[in-house]
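Let me begin by presenting the structure, written as structure tokens, before commenting on it.
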Amino acid sequence: MTLSALDSALLGPLFATDAMRAVFADEARVAAMLRAEAALARAQAEAGLVPASLAPAIAAIDANDLDPSALGRRTAVSGVPVIPFVKAVQGALPPELEPAFHKATTTQDIADTALVLQVRDALDLVAADLRAILDGLSGLARKHRETPCVGRTYGQHAAPVTFGFKAAIWALGIAEVAALLPALRDRVLTASLGGPVGTLAGLGEKAEAVGDGFAAALGLHPDLAPWHTRRARIAETGSWLALLTGALAKFATDVAHLATTEVGEVAEPYVPGRGGSSAMPHKRNPVSSTVILAAFGAAKGVSLTLLDGMAAAHERPAGAWHAEWHALPTLFGLASGSLREARGLAQGLVPDPDRMARNLDLTKGLLFADAAAGRLSPVIGAKAAHALVEEAAGAVRDGQGSLREVLRARPETAGSDLDSAFDLSPAIRAGARTADRALAEVSRLAAFLHSA
């Protein structure tokens with residue numbers, strides 16, 4: 001039995017990647033705690049506080065020998081997994097080193113630092129997917145920068161755009177969120193070392209040197225003061241993951257609509273056996289879009305748990321910190337599945353330019369209503385032109401002909417250049433120009449993804 005879809009053998013592969021689940025697996029957490037303890041021992045040894053042999057002895061312990069199930073049973077009693085973990089490691093160390101282990105630190109230091117090590121690995125996975133997604137969408141936008149299609153507002157046909165413009169907007173929305181990642185990494189990839197109440201009193205005058213050495217040994221930033229109850233960096237990480245999933249959801253929302261039978265302007269990449277129905281063999285459901293939208297639906301609420309954790313009482317809260325353990329791995333899991341599906345869409349989406357062209361004619365010229373009003377304004381005035389085109393649009397919807405035909409039949413349009421209003425070229429040029437500008441900004445915002 002499982003209580004989370006992400007951990008389910010049945011549902012987990014749909015919503016999260018194996019790589020991300022491995023990052024947050026129990027075994028990975030235990031290994032990260034061991035790394036944190038070894039780094040702390042190394043820094044304390046350099047300060048002359050513990051034997052130099054302690055760090056190698058900790059590093060020599062195989063994380064696989066520390067059974068998560070056994071630790072979990074003891075966690076149910078202790079309330080924190082670090083407590084049984086410390087006892088297990090002490091039992092594996094030579095007796096003469098055991099008293100020096102876990103010196104002057106506290107359970108939260110080790111748990112939070114181990115979490116940060118996992119977050120670093122998780123963010124590396126996210127960055128790799130983001131790079132592929134933005135490269136795929138940028139290529140799609142460049143290929144179709146001059147492919148005309150319907151622009152929609154409130155779900156209705158509005159005015160012509162290009163499909164490259166749409167793809168560039170998807171890319172830019174995702175790139176804007178991705179651009180926040182370097183600053184986020186700088187804040188969240190910070191070691192935690194404060195001791196029981198955050199003052200590191202047990203290390204005396206050597207506290208700062210040990211803290212710096214501890215962080216350096218792990219490749220993390222040191223902190224000037226403990227972040228036991230300064231949880232903004234954790235809340236920010238969760239909020240960023242929710243924002244990222246939301247940016248992907250914008251992409252998925254459009255794809256799901258464009259893939260409907262009535263629209264048919266795109267199709268998700270074909271994968272044998274994917275998107276079918278147990279009752280309807282002909283179906284090709286947008287599974288990737290569905291996974292992304294489901295993840296976004298869940299991520300919003302989960303991220304609030306981390307925001308609530310910011311109201312942490314005094315030097316250690318009751319419950320708020322524990323609640324984070326449910327939320328942050330879940331958000332990374334949801335993001336991983338969304339990124340995987342968005343990557344597949346960005347690299348394999350199948351546009352149908354012919355269907356796009358047919359849909360442009362679906363409303364019999366109403367897409368050009370704004371352009372027609374613009375051509376008529378110099379002749380009869382802006383207000384009158386708007387009213388005339390609005391009245392003509394009603395006649396089109398009543399089946400009295402195309403917008404061009406209805407307007408030409410009106411005496412007020414005599415002498416106006418109506419034909420140019422129904423030319424797609426200006427819309428294509430505008431869509432292509434905007435796509436080019438958007439893609440240039442995507443390249444600027446996401447340059448860091450290619451610099452590693």
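In the structure tokens, chains take letters A, B, ... by order of appearance, with residues numbered from 1 within each chain and ligands from 1 in the order shown.
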- Query: Please, which residues of segment 78-298 of chain A, numbered as in this document, come out strand (DSSP E) from DSSP, as a PyMOL selection string?
  - Reply: chain A and resi 148-153+156-162+266-267
Could the residues in this selection be written to a file with C-alpha atoms, as a PDB file, in the first residue's frame?
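Okay, this is what ended up in part11.pdb:
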```
ATOM      1  CA  PRO A 148       0.143  31.551 -39.899  1.00  0.00           C
ATOM      2  CA  CYS A 149      -2.405  30.333 -37.398  1.00  0.00           C
ATOM      3  CA  VAL A 150      -5.324  31.592 -35.364  1.00  0.00           C
ATOM      4  CA  GLY A 151      -4.680  33.779 -32.334  1.00  0.00           C
ATOM      5  CA  ARG A 152      -7.272  33.160 -29.626  1.00  0.00           C
ATOM      6  CA  THR A 153      -8.554  35.263 -26.752  1.00  0.00           C
ATOM      7  CA  GLN A 156     -12.369  32.478 -29.440  1.00  0.00           C
ATOM      8  CA  HIS A 157     -10.725  33.395 -32.717  1.00  0.00           C
ATOM      9  CA  ALA A 158      -9.241  36.870 -32.336  1.00  0.00           C
ATOM     10  CA  ALA A 159      -6.626  37.763 -34.980  1.00  0.00           C
ATOM     11  CA  PRO A 160      -3.958  35.946 -36.989  1.00  0.00           C
ATOM     12  CA  VAL A 161      -0.585  35.162 -35.424  1.00  0.00           C
ATOM     13  CA  THR A 162       2.084  32.640 -36.332  1.00  0.00           C
ATOM     14  CA  VAL A 266      -1.041  19.969 -33.294  1.00  0.00           C
ATOM     15  CA  ALA A 267      -0.637  16.420 -32.060  1.00  0.00           C
TER      16      ALA A 267
END
```
- Message: Report as number ranges by chain all protein, DNA and RNA residues lying within 8 Å of Leu244 of chain A, evaluated on only C-alpha atoms, omitting residues in the same chain fewer than 5 positions from it.
- Response: A: 174, 177-178, 335
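Considering only C-alpha atoms, the residue among A:Ile292, A:Ala446, A:Leu220, A:Ala111 positioned nearest to His322 of chain A is A:Ala111.
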Any idea what's packed within 10 Å of Glu262 of chain A, counting only C-alpha atoms, ignoring anything in its chain fewer than 4 positions away? Could you give it as a compact mmCIF listing (two decimals) with N, CA, C and O atoms, in the first residue's frame?
```txt
# COMPACT_ATOMS: atom_id res chain seq x y z
N HIS A 257 -5.55 22.01 -25.94
CA HIS A 257 -6.64 22.59 -26.74
C HIS A 257 -6.36 22.46 -28.23
O HIS A 257 -7.25 22.09 -29.01
N LEU A 258 -5.14 22.76 -28.64
CA LEU A 258 -4.81 22.68 -30.06
C LEU A 258 -4.90 21.25 -30.60
O LEU A 258 -5.06 21.05 -31.80
N ASN A 359 -8.28 26.56 -40.44
CA ASN A 359 -8.93 27.21 -39.31
C ASN A 359 -8.94 28.73 -39.42
O ASN A 359 -9.81 29.39 -38.86
```
- Correct to one decimal, the distance atom CA of Phe214 of chain A-atom CA of Ala31 of chain A is 16.4 Å
Excluding Ala171 of chain A and its own-chain neighbours fewer than 4 positions away, which residues fall within 9 Å of it when counting only C-alpha atoms? Please give them as a short mmCIF file (atom, residue, chain, number, x, y, z; two decimals) with N, CA and C atoms, in the first residue's frame.
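Now in part-v4.cif:
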```cif
data_model
loop_
_atom_site.label_atom_id
_atom_site.label_comp_id
_atom_site.auth_asym_id
_atom_site.auth_seq_id
_atom_site.Cartn_x
_atom_site.Cartn_y
_atom_site.Cartn_z
N ILE A 133 14.22 21.45 -23.08
CA ILE A 133 12.90 22.02 -23.40
C ILE A 133 13.05 23.33 -24.16
N LEU A 134 13.89 24.21 -23.66
CA LEU A 134 14.04 25.52 -24.30
C LEU A 134 14.69 25.39 -25.67
N ASP A 135 15.63 24.47 -25.81
CA ASP A 135 16.22 24.24 -27.14
C ASP A 135 15.16 23.71 -28.11
N GLY A 136 14.32 22.79 -27.63
CA GLY A 136 13.29 22.23 -28.49
C GLY A 136 12.25 23.26 -28.91
N LEU A 137 11.78 24.04 -27.95
CA LEU A 137 10.78 25.06 -28.27
C LEU A 137 11.35 26.16 -29.16
N SER A 138 12.60 26.52 -28.91
CA SER A 138 13.22 27.54 -29.76
C SER A 138 13.34 27.07 -31.20
N ALA A 141 9.92 27.21 -32.74
CA ALA A 141 9.52 28.59 -33.03
C ALA A 141 10.23 29.11 -34.28
N LYS A 166 3.59 31.58 -31.13
CA LYS A 166 3.04 30.85 -29.99
C LYS A 166 4.13 30.03 -29.29
N ALA A 167 4.95 29.33 -30.07
CA ALA A 167 6.01 28.51 -29.49
C ALA A 167 7.04 29.38 -28.78
N ALA A 175 11.49 30.23 -19.81
CA ALA A 175 12.82 30.81 -19.60
C ALA A 175 12.81 31.86 -18.49
N GLU A 176 11.72 32.60 -18.38
CA GLU A 176 11.65 33.61 -17.32
C GLU A 176 11.71 32.97 -15.93
N PHE A 251 2.09 25.92 -21.39
CA PHE A 251 2.42 25.17 -22.60
C PHE A 251 1.44 24.02 -22.78
N ALA A 438 11.38 37.43 -28.86
CA ALA A 438 11.18 36.55 -27.72
C ALA A 438 12.30 35.51 -27.64
N LEU A 439 12.70 34.96 -28.77
CA LEU A 439 13.75 33.94 -28.76
C LEU A 439 15.10 34.52 -28.37
N VAL A 442 14.93 34.61 -24.72
CA VAL A 442 15.10 33.25 -24.21
C VAL A 442 16.57 32.89 -24.15
#
```
- Message: If we count only C-alpha atoms and set the cut-off at 12 Å, which residues sit around Ala57 of chain A, ignoring sequence neighbours fewer than 6 positions away in its own chain? Please answer as number ranges by chain.
- Response: A: 34-35, 37-39, 41-42, 51, 89-98, 100-101
Next, dump the selected residues to file, keeping only C-alpha atoms, as an mmCIF file, in the first residue's frame.
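The resulting part_21.cif:
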```cif
data_model
loop_
_atom_site.group_PDB
_atom_site.id
_atom_site.type_symbol
_atom_site.label_atom_id
_atom_site.label_comp_id
_atom_site.auth_asym_id
_atom_site.auth_seq_id
_atom_site.Cartn_x
_atom_site.Cartn_y
_atom_site.Cartn_z
ATOM 1 C CA LEU A 34 26.787 10.382 6.198
ATOM 2 C CA ARG A 35 28.473 12.877 3.866
ATOM 3 C CA GLU A 37 28.766 14.029 9.229
ATOM 4 C CA ALA A 38 32.060 13.200 7.509
ATOM 5 C CA ALA A 39 32.440 16.810 6.352
ATOM 6 C CA ALA A 41 34.312 15.714 11.334
ATOM 7 C CA ARG A 42 36.865 16.840 8.759
ATOM 8 C CA PRO A 51 40.714 13.057 15.959
ATOM 9 C CA VAL A 89 26.769 5.320 13.031
ATOM 10 C CA GLN A 90 28.154 5.410 16.542
ATOM 11 C CA GLY A 91 27.714 1.654 16.667
ATOM 12 C CA ALA A 92 29.670 1.261 13.444
ATOM 13 C CA LEU A 93 32.617 3.428 14.545
ATOM 14 C CA PRO A 94 35.641 2.246 16.519
ATOM 15 C CA PRO A 95 34.868 2.686 20.234
ATOM 16 C CA GLU A 96 37.599 5.306 20.701
ATOM 17 C CA LEU A 97 36.035 7.565 18.011
ATOM 18 C CA GLU A 98 32.426 7.243 19.078
ATOM 19 C CA ALA A 100 33.775 12.605 19.123
ATOM 20 C CA PHE A 101 31.074 11.831 16.575
#
```
- Message: At a cut-off of 10 Å, using only C-alpha atoms, what residues contact Gly12 of chain A? Leave out same-chain residues fewer than 5 positions from it and give the result as a PyMOL selection string.
- Response: chain A and resi 4-7+17-18+21+333-334+337
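Take atom CA of Ile234 of chain A and atom CA of Met310 of chain A: the distance between them is 8.8 Å.
Distance-wise, atom CA of Ala299 of chain A and atom CA of His221 of chain A end up 27.9 Å apart.
Residues in contact with segment 378-388 of chain A at up to 10 Å, not including ones fewer than 6 positions away on its chain and judged by only C-alpha atoms, are A:Ala369, A:Asp370, A:Ala372, A:Leu407, A:Arg410, A:Glu412, A:Thr413, A:Ala414, A:Gly415, A:Ser416, A:Asp417.
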